[in-house]
Structures are given as C-alpha cells and as structure tokens.
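First the structure, in the form of structure tokens, and then the observations on it.
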2 protein chains.
Amino acid sequence: MKSSLKQIASELNLSTAAVSKALNDYPDISKNTKKRVNTYVKKIGYQPNTHARFLRTKKSQTIALILPNTTDSLLSTIAEDILVKAEYLGYNILVSCSKESEEIEKRLVNRFLQQKVDGIIMSLSSTTSDYSHLVDIQSNTTTLVLFNTTARTVNCNRVYLNDKEAALNATNHLIANGCSQIAHFRGPLTPQNSIDRYLGYREALNSSKLPFDSEKILLAEKGNAEEGYTLAKTLYNKKITIDGLFCFNDALALGAMRFFNEKGVKIPKDISIMGFGNSNISAYSSPSLSTVDHEISTMGAKIMEVFLDEEQSKKENEEIVVKKILLKNKVIARESTLK
Amino acid sequence: MKSSLKQIASELNLSTAAVSKALNDYPDISKNTKKRVNTYVKKIGYQPNTHARFLRTKKSQTIALILPNTTDSLLSTIAEDILVKAEYLGYNILVSCSKESEEIEKRLVNRFLQQKVDGIIMSLSSTTSDYSHLVDIQSNTTTLVLFNTTARTVNCNRVYLNDKEAALNATNHLIANGCSQIAHFRGPLTPQNSIDRYLGYREALNSSKLPFDSEKILLAEKGNAEEGYTLAKTLYNKKITIDGLFCFNDALALGAMRFFNEKGVKIPKDISIMGFGNSNISAYSSPSLSTVDHEISTMGAKIMEVFLDEEQSKKENEEIVVKKILLKNKVIARESTLK
DNA sequence: CTGAAAGCGCTTACAG
DNA sequence: CTGAAAGCGCTTACAG
C-alpha cells in the first residue's frame with residue numbers, strides 16, 4: 001500500500017532511477033531488469049504518486065469538465081462516454097459546475113489552469129459574454145474543447161450544433177403540417193443556442209411570409225416541464241390564438257402538452273407541438289412528441305476524440321489544427337405534429 | 001500566471017517560508033507582512049500548486065465520486081449540490097463511472113486510494129457483491145460515504161432509502177385504490193434497491209392476503225421508458241390480466257403508460273400505474289403519474305454534510321462516528337392511480 | 001517575528 | 001546498461 005520507488009528499488013537492489021526508467025519503458029534498461037521490476041510492481045500493486053510525478057513532468061493526466069448545470073439531460077448523455085473513455089486511458093476527470101455564472105466559470109478556469117490540468121472541456125455558462133478566460137486557457141497551452149454552448153469568436157476546438165438551422169427545420173416542419181400561427185417558448189436571453197433557435201424560428205416564419213407576433217414569444221428561464229406548463233397557461237389565459245408551438249427543449253414541450261391535454265385542447269388537431277433535443281422520454285408521451293434530434297449520443301465520443309487529437313499533436317510537436325465538429329440535426333416527426 | 005512562492009518571496013524581499021506561513025495564516029507572522037503578502041498575491045492572482053502542497057501535506061483537497069452509471073436521473077439531481085458545495089469549499093471532485101461493473105469499481109477505488117483523495121463518495125455498482133475494497137478505503141483512513149446503492153454489512157457512512165418500505169407503501173397505495181391484480185416491473189437481480197423494492201411489493205400483497213403470481217413479475221434490465229413500453233406489451237400479448245402496475249422507476253412506468261394509452265386501456269380505470277422516484281417529468285404526463293418521492297433533492301447536501309463531519313472529526317482527532325441517514329419516502333398520488 | 005534547510009516521491013540530464 | 005544527483009513547489013520543524 002505505502003509503496004514508493006525507493007522501497008521497490010531497495011527491495012530489488014536497484015536505484016530509484018532504474019526502477020522509474022524500467023516502469024516507463026526507457027530503452028536504456030535491460031529487458032531482464034524491466035521484467036523484474038514489472039512483476040514485482042504488479043505483485044505489490046504499486047501505483048506511482050501522481051502528484052510527485054506531476055511536479056516533474058507538468059503532466060497531470062487530468063481533464064477538467066466544466067458544466068453550466070447538471071440538471072440538463074445533456075450531461076448524463078455525454079458524460080458517460082467521456083468518463084468511460086477517460087478511465088480507459090488513465091485520465092482523471094475533474095467535474096465542476098459554473099451554475100450558469102460567468103464569475104464562477106472564470107474562477108474555475110483559473111483554478112484548473114493553476115492545477116495544470118491537461119485539458120479543459122466545457123460548455124459555456126449562459127451568462128458568459130467575455131471570453132478572456134478562454135484565451136488564457138489557450139495561451140497556457142492547455143487543450144480546450146468547447147461543446148454545446150460555444151464561443152463563435154474564439155478559435156478553438158468545438159463540438160456543436162447549428163441551432164439556427166435546426167430550429168428553422170423544426171419550425172418549417174410545423175408550417176409544412178399546416179400551422180400558420182406558431183408560438184415559441186424560447187430559452188434564456190444570453191446563451192447563443194437560445195438566441196440561434198429563436199432566430200431559426202424567425203427565419204422560418206419569414207421565408208414562408210408568415211407574420212411575426214411578439215406576443216407569441218415567451219421566455220423560459222429554467223426550461224423544465226413545470227415552466228412549459230405555466231407558459232402554456234399564460235398563452236391560454238391571454239387568449240392568444242395559436243395552432244403551433246415550437247419549444248426550446250423537450251421538457252418545456254411536454255409541460256405545455258400536459259396543460260393543453262388538461263384543457264381539452266387537441267394535439268395536434270388544435271395545436272401542433274414541437275420539442276427540441278429528442279430526449280429519452282419524448283417518444284413515450286401521449287401523444288408522442290415531435291422533436292429535433294442532434295446526434296447527442298455521439299457527442300461525448302467526439303469531444304474525447306478532438307481532445308486526444310490535440311494532445312497527440314502537442315506530443316509530436318505537430319502544428320495544432322483546431323477542429324470544429326458540427327453535429328447533424330434531424331426532425332423526428334411524431335404524433336404531436338402529424339394530423 | 002507562472003507565479004510561485006519563490007518569485008513572490010523575492011518580489012517582496014521575504015523568504016518562501018515566510019510567504020507560505022503568511023498565506024496559511026500562521027500566528028507567528030506579523031500582521032503587516034501578512035497584509036503585504038495577501039494583497040500582492042491577490043494582485044497577481046497566485047494560486048498555490050496543489051500537487052506540491054500535496055507532496056508535503058498528504059491532503060489533496062479532492063473527493064472522488066464513483067457512479068455506477070450516469071444515465072440515471074439521480075446523478076443530475078444530486079451532483080449539482082455536491083459540485084457546488086465542493087467548489088465553495090475549495091475541493092476538487094473527481095468523477096468516474098463504474099459502468100455497473102464490480103471490476104471497474106475496484107480498479108477505480110484502488111486508483112483513488114493511491115492518489116490519496118480525501119474521500120470517496122460512491123453508489124455501488126449493481127454487480128458488486130464483495131466489499132473488500134470498501135474495507136480498504138476505511139483502513140486507508142479515507143473518508144467513505146455510500147449513497148443510494150449501499151452495502152448493508154459494511155459499517156460506514158450511508159445516505160440511503162428504505163426501499164422495501166417505500167415499495168410497500170407504493171403497493172399498498174394501489175391496493176387501497178382497489179387494485180387486486182398487481183404486476184411489478186422489477187429492476188435488475190443483484191442491486192439491493194431492486195431486491196428491496198421487489199420484497200416490499202411482495203410484503204404488501206401478503207399483508208393484504210392477495211395471491212402472488214410470478215407471471216406478473218417482469219424484469220427490467222435498463223429501466224428506461226422504451227423497456228417499460230416493451231414489458232407492457234409483453235404482459236398485454238400474453239393476456240395476463242392486471243388492474244395495477246408498480247414499476248421500479250418512473251421511466252418504466254411512463255413507457256408502460258404510453259403502451260396502454262395506445263391500446264385504449266384506460267388509466268387508471270382499467271389499470272392503475274405507480275412509478276418510483278418522483279422524477280421531474282412524472283407530474284406532467286397524461287395522465288399524471290403517481291409515484292414515491294424520497295427526498296432526493298436533499299441527498300447531495302446530506303452526503304456532503306456527512307463527508308465534512310467525518311473530515312472535521314479526523315482533523316480534531318475526535319472519535320469517528322459513522323452516520324447512517326435514512327431518507328423519508330412519501331407516496332405522491334396523481335391521476336394514474338386515482339379513479 | 002523571520003529565514004535556512006530538509007524533504008515529500010517522482011523524472012531526467014549526466015556520468016560512468 | 002545502471003546510478004548519483006538535482007530539482008519540481010510547496011510546508012514545517014528548527015534556529016536565531
């Protein structure tokens with residue numbers, strides 16, 4: 001348990017240097033010595049002290065994952081891939097949560113830079129508007145991979161979705177199915193993905209020459225089912241007539257659907273509803289929810305790929321080429337929009 | 001950015017020792033020196049090298065969180081509390097996933113012990129049957145907190161639910177609402193919580209003198225909505241008559257409900273359905289889902305409390321008292337069971 | 001109140 | 001092929 005190189009060395013009548021080199025497979029150590037060291041080490045279950053190693057190599061074998069929140073089902077969907085892959089490769093993953101606060105996000109980045117993590121994988125908080133901390137990361141030669149909520153103006157690795165196009169497709173799907181008075185429950189004001197989905201919605205209306213009506217835009221701060229229910233009630237009580245609804249995410253759509261179900265508003269006959277994200281449960285509501293799928297199940301794997309590519313390039317002193325991976329989106333038509 | 005004690009010391013005409021002591025608020029340093037050091041340090045944004053500090057103190061300020069999977073909505077629910085509290089206290093959280101494998105779980109524990117994390121917070125994998133690694137943790141004087149899926153025979157901190165009682169209450173609720181032929185979609189065979197919920201179900205039947213029928217027990221491996229749908233179909237196709245259904249979790253219940261909705265089986269008139277866990281979405285399905293709530297929103301905070309208590313006791317050399325925190329459960333009656 | 005010095009457990013140029 | 005030695009950035013007994 002309390003094994004160290006020194007103890008192994010004295011046990012095997014070697015120097016600590018020889019043991020260290022043997023373990024790291026240096027070419028200048030005899031095969032026989034390597035074998036002796038490796039079998040002994042396996043026997044006693046020695047594992048190197050990562051902190052001591054770090055002090056010399058400056059390589060922590062650690063990746064920091066910064067999430068704006070953990071209630072989003074996105075996390076669970078991508079986290080497992082990242083964690084499993086990381087464990088397989090011997091990386092540690094440090095997870096932390098910015099709580100959608102730019103200030104906390106910056107503090108976390110600063111801390112991880114000081115700890116000299118090998119990489120930072122993050123989805124930006126919805127309130128982040130200044131990107132100086134991202135520049136800091138890159139000038140520290142720490143590998144940065146942004147996903148989901150990303151910064152357009154910073155030239156770094158990104159795994160992201162074309163939210164505007166996806167929202168355009170979603171809204172067009174409603175229009176194609178006969179809707180002309182389409183409401184939108186939009187996400188918070190600052191995050192780019194929320195803005196882009198709103199813009200996609202607007203563009204769809206525009207290109208079909210449908211009038212835009214600001215009364216039909218409602219703001220969802222939290223994006224959960226409860227809020228979807230409340231916003232639907234607001235629309236209903238204000239007697240705002242709609243025949244279609246496009247929501248920022250599936251949870252909002254499901255909450256809204258529940259409200260309309262209660263009131264006897266027929267879905268999709270009276271109102272067609274469109275979610276976003278193709279969450280697990282969306283196929284199993286009654287009626288089942290039409291939504292937009294965006295390959296989120298592959299996201300974790302892609303993030304790790306991008307990260308490892310850059311690490312590899314750095315190791316071999318190759319030029320670093322920033323990767324921008326755009327996820328595809330696909331409208332999933334289900335009962336909530338098919339009359 | 002590349003600040004170290006040495007540089008600060010030379011800048012301030014002090015020794016590194018004095019700077020270190022000033023930062024750690026040692027009593028033998030003058031107030032004036034402390035102030036000089038602290039203001040300078042703040043100005044340049046110095047943060048100590050945690051690895052170097054570790055090498056001396058053996059305190060890593062790191063907690064490992066081991067989860068059997070991340071798709072369970074439990075994670076998201078408890079993770080945020082843990083992460084935010086940890087960040088506030090300056091702890092790092094290392095997250096990893098055992099993929100419900102005893103072997104990976106043990107490997108992870110071993111690795112974290114070698115890294116000398118301050119504590120390990122874990123929910124056991126469903127296949128774990130040998131607890132030697134838990135004993136290892138304790139003999140390493142690493143703080144251990146088990147939650148959710150815990151080990152009954154190991155004397156360590158636990159934050160858990162009385163699954164049997166909760167399932168008993170859930171099944172009794174169905175019986176009280178007129179059900180006498182109650183099916184159960186149970187969880188996997190090995191995890192204790194799955195076994196206990198099954199036993200609670202059995203006990204409820206027993207105490208109401210209702211016959212037990214093994215045909216009405218279906219095994220859910222994954223526990224998602226898709227599986228709930230499939231299992232409901234199996235029951236239906238086999239023409240097994242039931243008037244009630246108690247599911248291992250809400251996702252299964254929602255999937256089953258969708259199937260019955262499709263077939264025109266009336267809920268709750270023909271079949272009453274009971275979930276487990278009070279997930280976010282359960283109140284917003286149509287009909288809304290009755291379920292069992294178990295204070296999961298407070299779980300993360302309680303876990304951290306237990307962890308910090310033990311750390312505090314260790315620091316002050318007090319005797320360590322193992323804490324076993326039992327979460328309360330409460331039946332939430334909604335439309336799916338109220339005729 | 002302050003500083004010189006040792007040492008935590010590794011890795012790696014360098015010497016042999 | 002192997003070993004002696006320095007040093008990564010801290011903390012802490014000890015001396016003054």
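Chain labels run A, B, ... following the order of the structure tokens; each chain numbers its residues from 1, and ligands are numbered from 1 in the order shown.
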
Per DSSP on the backbone, what are the strand (DSSP E) residues of stretch 144-201 of chain B, as a list in words?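 These are the residues in question: Leu144, Val145, Leu146, Phe147, Asn157, Arg158, Val159, Tyr160, Leu161, Ile182, Ala183, His184, Phe185 and Arg186 of chain B.
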
Which residues of chain B are close to chain C, meaning at most 10 Å apart when you count only C-alpha atoms (C1' of nucleotides), and how do they look as a PyMOL selection string? chain B and resi 14-18+27-30+33+52-58

For this session: Please return, as an NGL selection string, all residues of chain B lying within 8 Å of chain A when only C-alpha atoms are considered.
Result: :B and (1 or 47-52 or 54-55 or 69-73 or 75-77 or 79-80 or 83-84 or 87 or 92-97 or 99 or 111 or 114-115 or 224-226 or 251 or 254-255 or 258 or 261 or 280-281 or 284-286)

message: Rounded to one decimal, what separation in Å do you get between atom CA of B:Asn317 and atom CA of B:Val19?
response: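 According to the coordinates, atom CA of B:Asn317 and atom CA of B:Val19 are separated by 28.2 Å.
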
Practice prompt. Name the residues of stretch 103-313 of chain A that come out as alpha helix (DSSP H) in a backbone DSSP run; write them as a ChimeraX atom specification.
Written response: /A:103-114,132-139,163-176,192-207,225-237,250-263,299-313
